[in-house]
Every structure is written in structure tokens, then in C-alpha cells.
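Here is the structure we will look at.
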Amino acid sequence: MRHIQKAVVIGSGVMGSGIAAHLANIGIPSLLLDIVPKELTEAEQAKGLTLESPQVRNRLSQGAVQKLFKQKPAPLASKSNAALITAGNLEDHMDQLGKADWIIEVVVENLDVKKKVFEKVDQYRKPGSIVSSNTSGISIEAMVEGRSEDFSKHFLGTHFFNPPRYLKLLEVIPASSTDPEVVQFMKTFGEDTLGKGVVFAKDTPNFIANRIGTYGLLVTVKEMLKSGYSVGEVDSVTGPLIGRPKSATFRTLDVVGLDTFIHVAKNVYDQVDGEEKEVFDVPDFMLKMRDNGWLGSKSGQGFFKKEGKEILQLNPETLEYEARGKLKAASVEMAKQEKGFSGKMKTLVYGKDRASELLWSILAPVLVYSAELNGEIADDITGIDQAMKWGFGWGKGPFETWDAIGVAKSVERMKAEGLNVPEWVEDMIANGHDSFYKEENGDLFFFHDGAYQPVQENAKVIDLKRLKKKNGVIKKNSGASLIDLGDGVALLEFTSPNNAIGMDITQMINYAVDEVSKNYKGLVIGNQGKNFCVGANLAMILMEAQDDNIFEIDMVVKHFQQAMMKLKYSSFPVVAAPFGMTLGGGTEVCLPADHIQASAETYMGLVEVGVGLIPGGGGNKELYLNYYNSLPKGVDFDLQKVANRVFEMIAMAKVSTSAAEARDYNFLSQSDGISVNGDHLIYDAKQAVLHLAENYTTPVKKKVPVVGEPGYATLLLGAQSMYQSGFISEHDLKIAKKLAYVIAGGKVPYGTEVDEEYLLQLEREAFLSLIEKPKSQQRMQHMLVKGKPLRN
């Protein structure tokens with residue numbers, strides 16, 4: 001059985017250090033190597049160092065590790081993970097290659113340089129170790145030429161997308177000599193351990209995502225120039241409106257860097273002919289931008305430039321910056337009213353205004369191009385679609401998009417406009433097949449070689465939409481559904497807007513506990529929305545508060561608290577599966593669970609202070625218990641330190657930047673799980689339920705020791721000091737006093753043991769007293785309207 005327990009990353013640039021950081025995030029130690037510097041820096045000279053000093057010889061890789069702490073978004077899920085990266089150099093540490101199971105080359109995109117690196121690697125690696133190149137488009141066959149037989153059998157391309165921690169795509173590109181076992185291992189390892197979406201790519205220029213993505217960007221640039229659209233106009237309709245990232249077209253180019261983009265485009269330009277070559281010929285104005293150093297974000301200006309608070313757009317004709325434009329059209333407004341992706345896209349591309357003309361003109365060629373390359377760059381259409389979704393953040397791949405606008409209708413228009421639609425697409429339509437994908441009984445099929453074939457997925461991928469079509473729903477209401485996951489496990493899914501918690505979700509939690517206790521082994525709480533849960537239904541709470549319906553709010557909060565206690569002390573295991581934003585009530589739903597199985601990218605926090613409140617659903621109590629229960633048993637400890645830490649976390653509204661950091665913050669315990677691959681989260685949570693169900697016993701209620709009145713005074717000291725120094729407002733101080741009182745456990749002696757219901761009552765009373773305050777209501781209103789906290 002092959003294992004990767006240690007890796008070597010050769011090349012410590014942004015990509016190489018990012019890959020090393022990603023390996024560290026999943027617990028794999030790596031050695032990060034780079035060349036030995038030829039000259040001393042002034043700082044090194046001042047310290048009396050020489051070219052033989054280890055810190056000089058390892059300067060590039062050591063400097064790269066230090067930069068990981070400053071980069072945004074952060075490459076490290078937890079700063080402590082950096083301890084798993086060792087800095088070295090390509091002269092003193094080559095013998096260490098013999099200890100590595102995987103050696104990843106991430107040096108400059110130059111075939112000769114890469115071949116020299118692999119020649120050295122071949123001398124030092126151990127037989128059977130995997131060697132891969134992170135090239136974004138250089139031929140894999142050309143790189144492996146001249147290498148030993150064992151090297152050739154274990155060599156392939158592994159193209160990560162930047163930043164490696166966050167972008168899901170991993171293109172795996174075998175050479176003709178690569179052992180099929182190595183190829184299959186890298187797919188399984190990539191999905192299950194690295195947490196990636198793995199796509200097999202052919203050894204063609206720029207592989208899959210960069211080939212189609214670059215083509216699409218250049219088609220868009222050329223359409224802009226031809227038809228007189230502005231940079232801002234293009235970006236206003238090529239982002240979320242069509243299921244693409246907010247960075248749309250030109251902001252994406254600014255983020256990628258114009259120099260990098262031109263290099264990638266040239267790689268295809270040099271290797272193709274005819275009309276395709278013309279598309280990859282980068283327009284002159286972009287070459288001038290590069291020569292001027294206007295590369296985008298890294299140089300401070302590109303297609304956009306910030307001046308004060310204003311963002312200006314580049315005029316490609318004058319190369320001067322001007323006010324940013326926006327494309328306003330009837331089709332855009334009509335599309336926003338449509339609910340599904342298909343309805344939106346049909347409204348947009350078949351409209352009769354400037355927005356529709358632009359979108360059709362840039363979409364149609366990309367669909368045709370993707371169809372032309374099917375089989376050449378990937379085995380089938382699923383590889384192309386997945387690569388564009390995982391690598392470029394497209395909501396739908398080219399063939400899924402084609403289905404959305406109607407294949408037969410769009411092909412008819414393409415042909416009428418002179419586009420050469422590939423024969424296989426025309427044959428598909430002629431044979432009565434009107435879509436590239438179809439779904440039957442919750443199973444997904446795609447068109448390939450004249451017939452529909454099942455889409456191959458990792459067994460750990462559970463698609464809840466398709467599962468519901470297959471198994472139906474046990475029960476649902478306006479905010480939640482209870483689903484049968486199979487094997488005796490049920491799943492409680494939030495379905496309200498933003499998964500915000502209201503009475504409908506509380507009712508479904510109560511129903512779920514009753515139903516599962518009778519008919520199932522356990523319960524998963526999870527969903528596949530944009531975020532797990534962004535908290536309570538703030539609009540509903542504010543509306544009731546403004547109408548002075550405090551009794552109504554009291555009832556809602558009390559019912560939610562009771563539902564959380566019902567989950568906590570149920571007769572079966574409950575596993576919460578958070579991901580993305582898990583804020584306020586979202587965190588409160590997770591904390592009482594027997595086990596939390598969090599996606600690696602989970603951002604947890606009790607953030608109610610930001611809207612002038614404190615947690616009201618048991619969050620204060622549960623976080624306090626998490627800290628208290630994490631202390632070593634049988635050892636004297638200072639209970640005040642526990643209270644201080646919990647007070648700080650909630651008063652500062654701290655949110656973890658990863659699941660690993662959520663563990664550092666005690667939102668997760670050491671025994672809770674982290675799923676590196678978000679697509680496997682529901683599966684992993686289900687397995688956790690089944691494991692817990694084998695010997696499950698209902699938790700026993702225990703009393704909780706609190707710091708009481710003296711602890712309350714201690715907690716307030718810091719808040720009073722911050723108020724007197726002007727760091728917090730008078731209203732902030734009021735909130736802090738309420739929070740301190742709840743965490744301290746009220747006016748009882750230090751060390752008094754109280755029950756959970758008592759703490760919940762304190763919490764609810766404080767929550768209700770704050771919600772009546774006009775300044776808290778102003779904060780809530782501001783958050784709902786502006787999406788950010790108000791300091792009043």
C-alpha cells in the first residue's frame with residue numbers, strides 16, 4: 001500500500017511555498033528547496049555572515065516560509081503548521097530526496113531548467129518515489145525524456161491552481177511511460193488526502209482549465225475592442241450574473257497578473273495554428289501595459305486602478321484611466337428576476353440589447369471551442385466542465401452552460417452566424433438527444449461516444465439535491481428538511497435564505513429528534529448551501545423588537561435554547577457538519593453536537609456583539625464548557641482564565657479563518673474531525689455517526705462551576721479600561737457588562753456549581769434586555785442594510 005509521509009518541494013516561489021503550506025495543513029512534512037544565493041545582502045554582511053553560512057545558503061526557502069505568515073489569503077490554516085516545513089537548498093540537502101515519497105518540482109516555466117532539475121533528482125531519489133511537475137503547460141513527455149526507467153514510471157504532471165489551499169482543481173497529467181497505478185494513486189490521494197477535485201488532462205498546451213480559460217478571456221478582450229465596450233461594462237455582466245466569480249474578466253486578469261497571463265497565452269500561441277492561433281495573439285495594448293509595468297494587483301494598477309476611494313478603469317485605446325462604467329440593460333434586470341440558472345442565461349443570451357449581444361458573442365465561441373477540444377485535452381466533457389468549475393470558479397462548466405441555454409436552439413443560431421459547430425454535437429442533436437447531461441432517478445449521466453454514460457464520482461461525494469430526488473424527503477417545512485442518508489442515518493438540512501435560523505428550523509430540529517430517536521441510528525446536521533449558517537433571522541428579530549414584541553422574541557429564543565438542549569441530550573449521536581461561514585446561531589447549532597465534522601474551510605464565531613447583542617442560543621455556555629472540558633483532569637487550574645478567554649472570544653467577535661484555527665479557539669475539540677475535501681463532508685459526518693452509534697450512551701447532565709461575582713468584577717476591569725481609553729463606546733461597555741454577567745454565572749460565590757438551565761436563563765435575559773436598546777436596534781438595522789457592523 002503506497003503512502004506519502006514526507007515530501008520535497010523544489011522551488012520556493014509563491015506557488016512552491018503555497019504547495020508546501022497546503023501539505024503542512026494536511027499534516028505532511030515537507031522539505032522546501034531552492035538555489036543557493038550567489039551574493040550576500042547588506043543585512044547579511046552587517047551580521048558578519050558569509051556565503052557559506054547556512055542561513056545565507058537557505059535564504060530563499062527560509063524567506064519563503066516567513067512570507068507565508070504575511071500573505072493574504074493565508075496559505076497556512078494555522079500558523080503552527082509552518083513547523084512542518086523545513087527550509088533547505090539544492091546543494092546541501094539533495095541527499096534528503098532519498099527519504100521523500102513525493103518530490104514536486106515548482107521551478108521556473110522553462111523546459112531546460114526543469115530537465116536539469118530532474119537529472120539531479122534522478123540521482124538522489126529512492127526507487128518507487130513519485131516525482132511530479134507543477135507546470136502549467138510545458139510538455140510532460142518532453143520533461144521525462146532521458147530519465148531512468150524507474151523515474152519515468154513514477155513521473156507525471158500535477159498542476160495545482162493558485163492559491164493551492166483555496167482553489168480546488170488539481171490537473172493530473174500522465175506521460176506515456178507513467179505506471180497506471182501511480183496515476184490512479186495520485187487521483188485517490190489528490191481527492192481524499194489533498195482535498196482536491198482531480199481531473200485527468202492530456203499532455204497538450206496549457207492542459208484543460210488554462211487552455212479554455214485563457215481562450216475565453218481573450219475572446220472577451222477582443223469582443224470588447226471590436227464592439228466598443230468598456231472594461232467596467234464587461235466586468236459588470238461577466239461575473240456573478242452568469243455564475244462566474246465576482247472578479248469577472250478584467251479583475252481576474254489583475255489578480256492573476258498580466259505578465260503571467262501573457263506567458264500562458266504565448267504557450268498556446270506557439271503550438272497551434274490557424275484561427276486558434278489568432279485568438280491567442282495577445283492585443284497590442286496589453287503588451288504595452290506589460291511593458292509599462294501595469295501588471296495588476298501586484299503592481300498597484302492594471303485594468304483597474306484605485307485612487308482614494310474611487311476605482312478607475314483603463315481605456316484600452318488611450319491607455320488612460322477614467323471613471324468605471326457599468327452596463328445597464330433590460331436583459332440584465334429581467335435576468336435578475338429569474339430564479340434558476342437556465343432561466344437567467346436564456347434571458348441574457350437571447351435578449352436584444354448590448355448586454356445580450358456581448359454575452360452571446362463571448363459565450364458561443366467558448367462553447368464551440370470546448371466541444372472542439374473534447375477528447376483532445378480531456379477524455380470527456382465532464383473533465384472539461386469540472387476543470388473550469390474547480391480551476392476558474394465557474395458556477396457551471398461549458399457543457400452545463402450549453403444545456404442551460406438550450407443546445408438545439410443555440411446550435412441553430414451558431415450555424416446561422418457562421419460558427420463551425422463540431423460534428424459530434426450536430427450528430428447528438430440529430431439523434432434526438434437535446435442535452436449533454438441528463439438525470440434519471442437521482443443518477444447523473446453525460447453524453448459520450450454517441451450514448452449517455454454514468455458520471456463517475458468518488459464514493460465519498462454525496463449530492464443532497466440528487467439524493468432527495470432518489471430517496472425523497474422524510475419531512476420538510478419552509479426552512480429545513482429531514483432526509484434519509486441511508487444506513488440508518490438521517491440528515492437535517494437548512495434550506496431558508498442564507499440558512500438563517502428561525503422558528504421553522506427550530507420546529508424541524510424538534511421533529512428530527514423525535515423521528516430519529518424512533519427510527520434511525522443518528523443524525524447529521526448539514527447542508528450544501530453557500531455557507532453552513534450565518535446566524536439567526538436578524539430581520540425577523542429586529543422587526544419584532546421594533547414592534548415591542550419582546551414576549552414573542554423571548555418565546556423564540558427559549559424554544560431555540562430548548563431545541564439545542566434536546567439535541568445535546570438526545571438518545572442518539574448528533575454530528576454537525578459546518579463549512580464556510582458558520583456564525584452566531586450557526587456555531588450555536590454545532591457546539592451541543594456529540595461530534596463536529598468540519599470542512600477545512602470553516603469560519604466559526606459567535607459574532608452577536610457586532611449587532612449589539614450577545615449569543616442567545618446557548619453559545620456562551622457551550623463555549624465556556626468547551627474550554628472547561630479541554631483542561632487536564634485532576635490538575636488544579638484557574639477558572640478565571642477560562643472565563644477570561646471565553647469573554648475575550650465573544651466580546652471581540654473572533655471568527656476562525658479555518659477549521660484548524662476553530663480548534664485553536666476551542667470551537668472544535670481535539671476529537672472533532674476536519675474534512676480536507678469539502679465534497680466529502682456529508683459522507684465523513686455520516687461515518688462519524690455510524691462510529692458513535694456502535695456504543696452510544698446518552699450524555700449525563702452535570703453542573704458547571706462558574707467564577708461568580710468576583711469573576712464578574714475581574715472581567716469588567718478590562719472592559720472599563722478600554723472604555724476609559726476610548727477604544728470602545730458606552731454601548732459597547734453595556735454589552736460587555738451583560739456578557740460578563742452571563743459568563744461569570746451571575747451574583748454567586750466563586751466556584752459555585754450551577755446547572756445549564758440557570759445559565760441559559762441568564763443568557764436569555766441579557767439577550768432580551770439588549771434587544772430593547774435603541775442602539776442595538778440601530779446596529780442590527782445597519783448590518784441588514786450595509787452588511788457591516790456599526791460602532792455607535
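As shown in the C-alpha cells, the chain order sets the letters A, B, ...; within each chain, residues go from 1, and ligands are also counted from 1 in the order they appear.
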
Query raised in the report: Any idea what's packed within 7 Å of Ile377 in chain A, counting only C-alpha atoms, ignoring anything in its chain fewer than 4 positions away? Could you give it as a VMD selection string?
Result: chain A and resid 201 to 202 204 207 to 208 373

Keeping only all heavy atoms, write those residues as a compact mmCIF listing (two decimals), in the first residue's frame.
```
# COMPACT_ATOMS: atom_id res chain seq x y z
N ALA A 201 -5.85 15.25 -17.31
CA ALA A 201 -5.69 16.08 -18.50
C ALA A 201 -4.72 15.39 -19.46
O ALA A 201 -3.84 14.64 -19.03
CB ALA A 201 -5.15 17.45 -18.11
N LYS A 202 -4.88 15.69 -20.75
CA LYS A 202 -3.95 15.18 -21.76
C LYS A 202 -2.73 16.11 -21.81
O LYS A 202 -2.81 17.28 -21.42
CB LYS A 202 -4.63 15.12 -23.12
CG LYS A 202 -5.93 14.31 -23.17
CD LYS A 202 -5.68 12.81 -23.10
CE LYS A 202 -6.96 12.02 -23.26
NZ LYS A 202 -7.47 11.92 -24.62
N THR A 204 -1.27 18.35 -23.49
CA THR A 204 -1.47 19.33 -24.56
C THR A 204 -1.17 20.72 -24.00
O THR A 204 -1.13 20.90 -22.79
CB THR A 204 -2.93 19.28 -25.07
OG1 THR A 204 -3.81 19.45 -23.94
CG2 THR A 204 -3.24 17.96 -25.75
N PHE A 207 -2.93 22.34 -20.91
CA PHE A 207 -3.84 21.33 -20.35
C PHE A 207 -5.32 21.74 -20.54
O PHE A 207 -5.69 22.08 -21.65
CB PHE A 207 -3.48 21.02 -18.90
CG PHE A 207 -2.00 20.76 -18.73
CD1 PHE A 207 -1.26 21.40 -17.74
CD2 PHE A 207 -1.33 19.91 -19.59
CE1 PHE A 207 0.11 21.18 -17.61
CE2 PHE A 207 0.04 19.68 -19.47
CZ PHE A 207 0.75 20.32 -18.48
N ILE A 208 -6.14 21.71 -19.48
CA ILE A 208 -7.59 21.95 -19.69
C ILE A 208 -8.00 23.37 -19.30
O ILE A 208 -8.38 24.19 -20.14
CB ILE A 208 -8.45 20.95 -18.89
CG1 ILE A 208 -8.09 19.50 -19.25
CG2 ILE A 208 -9.93 21.19 -19.17
CD1 ILE A 208 -8.75 18.46 -18.36
N LEU A 373 -12.38 20.71 -28.52
CA LEU A 373 -11.25 20.13 -27.77
C LEU A 373 -11.64 18.89 -26.97
O LEU A 373 -10.77 18.25 -26.36
CB LEU A 373 -10.67 21.19 -26.81
CG LEU A 373 -9.98 22.39 -27.47
CD1 LEU A 373 -9.53 23.39 -26.42
CD2 LEU A 373 -8.80 21.94 -28.31
```

**Report entry** strand (DSSP E or B) residues, from DSSP on the backbone, in range 419-647 of chain A, as a count of residues only
**Finding:** 54

Requested in this report: Find the spatial neighbours of range 76-91 of chain A, counting only C-alpha atoms, within a cut-off of 7 Å - ignore same-chain residues fewer than 4 positions away - and output them as a VMD selection string.
Outcome: chain A and resid 20 to 22 24 to 25 29 to 36 57 to 58 61 to 62 68 to 69 658 660 to 661

Report task. Mind listing the helix (DSSP H, G or I) residues of range 391-577 of chain A, per DSSP on the backbone, as a PyMOL selection string? Result -> chain A and resi 391-392+398-405+407-416+423-430+464-471+497-499+503-519+538-546+550-568

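Among the candidate residues A:Val9, A:Ala248, A:Leu111, A:Cys590, the one lying nearest to Ile28 in chain A is A:Val9, with distances computed using only C-alpha atoms.
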
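Near Tyr350 in chain A, within 9 Å and counting only C-alpha atoms, sit Ser331, Met345, Ser356, Glu357, Trp360 and Ile405 of chain A; same-chain residues fewer than 5 positions away were not included.
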
Which range 535-560 of chain A residues have any atom within 7 Å of an atom of range 500-510 of chain A, and for each, what is the nearest pair of atoms with distance in Å to one decimal, counting only C-alpha atoms, rows sorted by chain and number, as a Markdown table?
```
| residue | atom | partner | partner_atom | distance |
| --- | --- | --- | --- | --- |
| A:Gly535 | CA | A:Ala500 | CA | 5.4 |
| A:Ala536 | CA | A:Ile501 | CA | 4.3 |
| A:Asn537 | CA | A:Ala500 | CA | 5.0 |
| A:Val556 | CA | A:Met503 | CA | 6.6 |
| A:Phe560 | CA | A:Thr506 | CA | 5.8 |
```

Query raised in the report: So, counting only C-alpha atoms, which residue among A:Ala74, A:Ile10, A:Leu253, A:Leu170 is closest to Glu191 in chain A?
Result: A:Leu170

Which residues of range 480-503 of chain A have any atom within 10 Å of an atom in range 518-526 of chain A when counting only C-alpha atoms, and what is the closest pair of atoms for each, with the distance in Å to one decimal? Order the rows by chain and rising number and write it as a Markdown table.
```
| residue | atom | partner | partner_atom | distance |
| --- | --- | --- | --- | --- |
| A:Leu482 | CA | A:Ile525 | CA | 9.4 |
| A:Ile483 | CA | A:Val524 | CA | 9.6 |
| A:Asp484 | CA | A:Tyr520 | CA | 9.0 |
| A:Leu485 | CA | A:Val524 | CA | 8.8 |
| A:Gly486 | CA | A:Tyr520 | CA | 9.5 |
| A:Asp487 | CA | A:Lys521 | CA | 8.3 |
| A:Gly488 | CA | A:Tyr520 | CA | 4.9 |
| A:Val489 | CA | A:Gly522 | CA | 5.2 |
| A:Ala490 | CA | A:Leu523 | CA | 5.0 |
| A:Leu491 | CA | A:Val524 | CA | 4.6 |
| A:Leu492 | CA | A:Ile525 | CA | 4.8 |
| A:Glu493 | CA | A:Gly526 | CA | 5.4 |
| A:Phe494 | CA | A:Gly526 | CA | 7.3 |
```

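The protein and nucleic acid residues lying at most 12 Å from Lys187 in chain A are Leu156, Gly157, Thr158, Leu169, Leu170, Glu171, Val172, Ile173, Pro174, Pro180, Glu181, Thr193, Leu194, Gly195, Lys196, Gly197, Val198, Val199, Phe200, Ala201, Glu457 and Asn458 of chain A, with only C-alpha atoms considered and sequence neighbours fewer than 6 positions away removed.
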
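Distances to Leu312 in chain A were evaluated for A:Gly232, A:Glu376, A:Arg663, A:Glu544 using only C-alpha atoms, and the minimum falls at A:Gly232.
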